[in-house]
Every structure is written in C-alpha cells, then in structure tokens.
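Asker: Here you go, upload-v2.txt (compact mmCIF, N, CA and C atoms):
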```txt
# COMPACT_ATOMS: atom_id res chain seq x y z
N MET I 1 -8.07 -59.76 -13.58
CA MET I 1 -7.79 -58.38 -13.92
C MET I 1 -7.39 -57.62 -12.65
N GLN I 2 -6.35 -56.83 -12.75
CA GLN I 2 -5.84 -56.09 -11.61
C GLN I 2 -6.69 -54.84 -11.35
N LYS I 3 -6.91 -54.55 -10.07
CA LYS I 3 -7.71 -53.38 -9.70
C LYS I 3 -6.90 -52.10 -9.87
N THR I 4 -7.60 -51.02 -10.17
CA THR I 4 -6.93 -49.72 -10.28
C THR I 4 -6.57 -49.22 -8.88
N ARG I 5 -5.71 -48.23 -8.83
CA ARG I 5 -5.34 -47.64 -7.52
C ARG I 5 -6.58 -47.12 -6.80
N ALA I 6 -7.46 -46.45 -7.54
CA ALA I 6 -8.67 -45.91 -6.93
C ALA I 6 -9.52 -47.02 -6.32
N GLU I 7 -9.66 -48.13 -7.03
CA GLU I 7 -10.43 -49.27 -6.51
C GLU I 7 -9.78 -49.85 -5.26
N GLN I 8 -8.46 -49.91 -5.25
CA GLN I 8 -7.76 -50.42 -4.08
C GLN I 8 -7.94 -49.49 -2.88
N PHE I 9 -7.88 -48.18 -3.13
CA PHE I 9 -8.11 -47.21 -2.06
C PHE I 9 -9.53 -47.36 -1.51
N ARG I 10 -10.51 -47.43 -2.39
CA ARG I 10 -11.91 -47.52 -1.96
C ARG I 10 -12.16 -48.79 -1.15
N LYS I 11 -11.61 -49.89 -1.60
CA LYS I 11 -11.79 -51.16 -0.88
C LYS I 11 -11.19 -51.05 0.53
N ALA I 12 -10.01 -50.48 0.64
CA ALA I 12 -9.36 -50.33 1.95
C ALA I 12 -10.15 -49.37 2.85
N ILE I 13 -10.66 -48.29 2.29
CA ILE I 13 -11.43 -47.32 3.07
C ILE I 13 -12.70 -47.98 3.61
N LEU I 14 -13.41 -48.71 2.76
CA LEU I 14 -14.63 -49.38 3.20
C LEU I 14 -14.33 -50.40 4.30
N LYS I 15 -13.24 -51.12 4.16
CA LYS I 15 -12.84 -52.09 5.18
C LYS I 15 -12.53 -51.38 6.50
N PHE I 16 -11.85 -50.26 6.43
CA PHE I 16 -11.53 -49.47 7.62
C PHE I 16 -12.81 -49.05 8.33
N PHE I 17 -13.78 -48.52 7.58
CA PHE I 17 -15.02 -48.05 8.18
C PHE I 17 -15.81 -49.20 8.82
N LYS I 18 -15.77 -50.37 8.24
CA LYS I 18 -16.46 -51.52 8.83
C LYS I 18 -15.83 -51.92 10.15
N GLN I 19 -14.52 -51.81 10.24
CA GLN I 19 -13.81 -52.20 11.46
C GLN I 19 -13.90 -51.14 12.55
N LYS I 20 -13.86 -49.88 12.20
CA LYS I 20 -13.79 -48.80 13.19
C LYS I 20 -15.14 -48.52 13.86
N LYS I 21 -16.17 -48.30 13.08
CA LYS I 21 -17.52 -48.02 13.59
C LYS I 21 -17.53 -46.96 14.69
N GLY I 22 -16.91 -45.86 14.44
CA GLY I 22 -16.89 -44.77 15.42
C GLY I 22 -15.91 -43.70 15.01
N ASN I 23 -15.54 -42.89 15.96
CA ASN I 23 -14.60 -41.81 15.69
C ASN I 23 -13.20 -42.35 15.43
N PHE I 24 -12.48 -41.65 14.58
CA PHE I 24 -11.10 -42.02 14.28
C PHE I 24 -10.37 -40.78 13.81
N THR I 25 -9.06 -40.87 13.76
CA THR I 25 -8.25 -39.75 13.29
C THR I 25 -7.77 -40.02 11.86
N SER I 26 -7.40 -38.97 11.18
CA SER I 26 -6.87 -39.11 9.82
C SER I 26 -5.63 -40.00 9.78
N PRO I 27 -4.67 -39.83 10.73
CA PRO I 27 -3.50 -40.70 10.69
C PRO I 27 -3.84 -42.19 10.83
N GLN I 28 -4.89 -42.51 11.58
CA GLN I 28 -5.31 -43.91 11.69
C GLN I 28 -5.77 -44.44 10.33
N LEU I 29 -6.56 -43.64 9.63
CA LEU I 29 -7.05 -44.04 8.30
C LEU I 29 -5.89 -44.18 7.33
N ILE I 30 -4.98 -43.23 7.33
CA ILE I 30 -3.84 -43.25 6.41
C ILE I 30 -2.99 -44.50 6.65
N LYS I 31 -2.69 -44.77 7.91
CA LYS I 31 -1.86 -45.93 8.25
C LYS I 31 -2.54 -47.23 7.83
N PHE I 32 -3.84 -47.33 8.06
CA PHE I 32 -4.59 -48.53 7.67
C PHE I 32 -4.55 -48.73 6.16
N VAL I 33 -4.81 -47.65 5.42
CA VAL I 33 -4.84 -47.75 3.95
C VAL I 33 -3.45 -48.10 3.41
N GLN I 34 -2.41 -47.53 4.00
CA GLN I 34 -1.04 -47.88 3.57
C GLN I 34 -0.80 -49.38 3.75
N LYS I 35 -1.20 -49.90 4.88
CA LYS I 35 -1.01 -51.32 5.18
C LYS I 35 -1.81 -52.21 4.23
N GLU I 36 -3.06 -51.85 4.00
CA GLU I 36 -3.94 -52.66 3.15
C GLU I 36 -3.54 -52.63 1.68
N THR I 37 -3.16 -51.45 1.18
CA THR I 37 -2.86 -51.32 -0.25
C THR I 37 -1.40 -51.60 -0.56
N LYS I 38 -0.56 -51.57 0.48
CA LYS I 38 0.88 -51.73 0.32
C LYS I 38 1.51 -50.60 -0.49
N PHE I 39 0.80 -49.45 -0.54
CA PHE I 39 1.37 -48.25 -1.15
C PHE I 39 2.16 -47.55 -0.05
N GLU I 40 3.45 -47.41 -0.24
CA GLU I 40 4.28 -46.78 0.78
C GLU I 40 3.97 -45.30 0.94
N TRP I 41 3.61 -44.66 -0.15
CA TRP I 41 3.41 -43.22 -0.10
C TRP I 41 2.29 -42.81 -1.04
N PHE I 42 1.46 -41.87 -0.57
CA PHE I 42 0.43 -41.25 -1.41
C PHE I 42 0.01 -39.95 -0.74
N TYR I 43 -0.56 -39.06 -1.51
CA TYR I 43 -1.04 -37.80 -0.95
C TYR I 43 -2.29 -38.06 -0.12
N PRO I 44 -2.38 -37.49 1.07
CA PRO I 44 -3.60 -37.64 1.87
C PRO I 44 -4.85 -37.14 1.12
N ASP I 45 -4.67 -36.17 0.24
CA ASP I 45 -5.80 -35.68 -0.55
C ASP I 45 -6.42 -36.78 -1.41
N THR I 46 -5.62 -37.78 -1.75
CA THR I 46 -6.14 -38.91 -2.52
C THR I 46 -7.22 -39.63 -1.73
N LEU I 47 -6.97 -39.82 -0.44
CA LEU I 47 -7.98 -40.47 0.42
C LEU I 47 -9.23 -39.62 0.52
N LEU I 48 -9.05 -38.31 0.66
CA LEU I 48 -10.21 -37.42 0.74
C LEU I 48 -11.05 -37.49 -0.52
N ARG I 49 -10.39 -37.52 -1.65
CA ARG I 49 -11.10 -37.62 -2.93
C ARG I 49 -11.90 -38.92 -3.00
N GLU I 50 -11.27 -40.03 -2.58
CA GLU I 50 -11.96 -41.32 -2.62
C GLU I 50 -13.09 -41.39 -1.59
N LEU I 51 -12.89 -40.76 -0.42
CA LEU I 51 -13.98 -40.69 0.56
C LEU I 51 -15.19 -39.95 -0.01
N ARG I 52 -14.92 -38.82 -0.67
CA ARG I 52 -16.03 -38.06 -1.28
C ARG I 52 -16.72 -38.87 -2.36
N GLN I 53 -15.95 -39.61 -3.14
CA GLN I 53 -16.54 -40.43 -4.21
C GLN I 53 -17.42 -41.53 -3.62
N LEU I 54 -16.95 -42.17 -2.56
CA LEU I 54 -17.75 -43.22 -1.92
C LEU I 54 -19.04 -42.64 -1.34
N ARG I 55 -18.97 -41.45 -0.78
CA ARG I 55 -20.18 -40.81 -0.25
C ARG I 55 -21.12 -40.45 -1.39
N GLN I 56 -20.58 -39.93 -2.48
CA GLN I 56 -21.40 -39.57 -3.64
C GLN I 56 -22.08 -40.81 -4.22
N ASP I 57 -21.38 -41.93 -4.22
CA ASP I 57 -21.93 -43.19 -4.74
C ASP I 57 -22.86 -43.88 -3.74
N LYS I 58 -23.04 -43.25 -2.56
CA LYS I 58 -23.89 -43.76 -1.50
C LYS I 58 -23.43 -45.11 -0.95
N LYS I 59 -22.13 -45.30 -0.98
CA LYS I 59 -21.54 -46.52 -0.41
C LYS I 59 -21.01 -46.28 0.99
N LEU I 60 -20.98 -44.99 1.38
CA LEU I 60 -20.41 -44.63 2.66
C LEU I 60 -21.07 -43.33 3.12
N ASN I 61 -21.34 -43.25 4.41
CA ASN I 61 -21.88 -42.02 4.97
C ASN I 61 -21.03 -41.66 6.17
N TYR I 62 -20.51 -40.46 6.19
CA TYR I 62 -19.65 -40.04 7.28
C TYR I 62 -19.80 -38.55 7.53
N GLU I 63 -19.33 -38.15 8.70
CA GLU I 63 -19.37 -36.75 9.10
C GLU I 63 -17.98 -36.35 9.56
N VAL I 64 -17.53 -35.19 9.12
CA VAL I 64 -16.20 -34.69 9.51
C VAL I 64 -16.39 -33.74 10.68
N ARG I 65 -15.58 -33.97 11.73
CA ARG I 65 -15.62 -33.11 12.91
C ARG I 65 -14.28 -32.45 13.10
N ASP I 66 -14.29 -31.21 13.54
CA ASP I 66 -13.05 -30.48 13.80
C ASP I 66 -12.51 -30.81 15.16
```
Is it possible to express this structure as structure tokens?
Answerer:
Amino acid sequence: MQKTRAEQFRKAILKFFKQKKGNFTSPQLIKFVQKETKFEWFYPDTLLRELRQLRQDKKLNYEVRD
C-alpha cells in the first residue's frame, strides 16, 4: 500500500531530525524533505503543519528560535 503525502512528509521529517541533532535552518529542512520525498514543490506551511502534528503525537519534540 502506498503511503499518503502526509506520511511521506512525516517520515522525512523524522529522518531529518535523527540526522541533524541540533540547530538547523528552515531551508535545510525543506531541501532535505524535497530530496527524500521527491516532491519538487510544496508549501512550506505543509512542513509546519506536519511538524506540529508530530509534536502533538509525541513523536517529536522541538523548539523554534528566532
């Protein structure tokens, strides 16, 4: 069974967090997710939504810094 777009985004985000283990920029996350999912284009808000969902599901804990 093929994974949904949301599942593909979440899998890529979790993989990114395992590899980074520290501070990163939004463009780094976007570029990584594009490469992993092979989606050429998506709204950055999509990643934010999936990040919030992962945090709500207690699969990810992160802090946003300005």
Asker: If you run DSSP on this backbone, which residues of chain I come out as helix (DSSP H, G or I), and could you give them as an NGL selection string?
Answerer: :I and (5-20 or 26-37 or 44-56)
Asker: Tell me, in Å to one decimal, how far atom C of Lys11 of chain I is from atom CA of Glu36 of chain I.
Answerer: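 So the two atoms, atom C of Lys11 of chain I and atom CA of Glu36 of chain I, lie 7.9 Å apart.
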Asker: Would you work out the distance separating atom CA of Asn61 of chain I from atom CA of Gln28 of chain I, expressed in Å to one decimal?
Answerer: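 One can read the atom CA of Asn61 of chain I to atom CA of Gln28 of chain I distance as 18.0 Å.
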Asker: Show me, as a list in words, the residues that have an atom within 9 Å of Leu51 of chain I when counting only C-alpha atoms, minus same-chain residues fewer than 5 positions from it.
Answerer: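 Result of the neighbour search: Arg10, Ile13, Thr46, Gln56, Leu60 and Tyr62 of chain I.
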Asker: Between atom CA of Gln2 of chain I and atom N of Lys20 of chain I, what distance in Å does the model show, to one decimal?
Answerer: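 Atom N of Lys20 of chain I lies at a distance of 25.9 Å from atom CA of Gln2 of chain I.
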Asker: Compare I:Glu7, I:Phe16, I:Arg49, I:Trp41 by their minimum atom-to-atom distance to Leu29 of chain I, counting all atoms listed in the file, and give me the closest one.
Answerer: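 Residue with the minimum atom-to-atom distance to Leu29 of chain I: I:Phe16.
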Asker: Compare I:Lys3, I:Leu48, I:Tyr43, I:Val33 by their minimum atom-to-atom distance to Lys15 of chain I, counting only C-alpha atoms, and give me the closest one.
Answerer: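 The shortest atom-to-atom distance to Lys15 of chain I comes from I:Val33.
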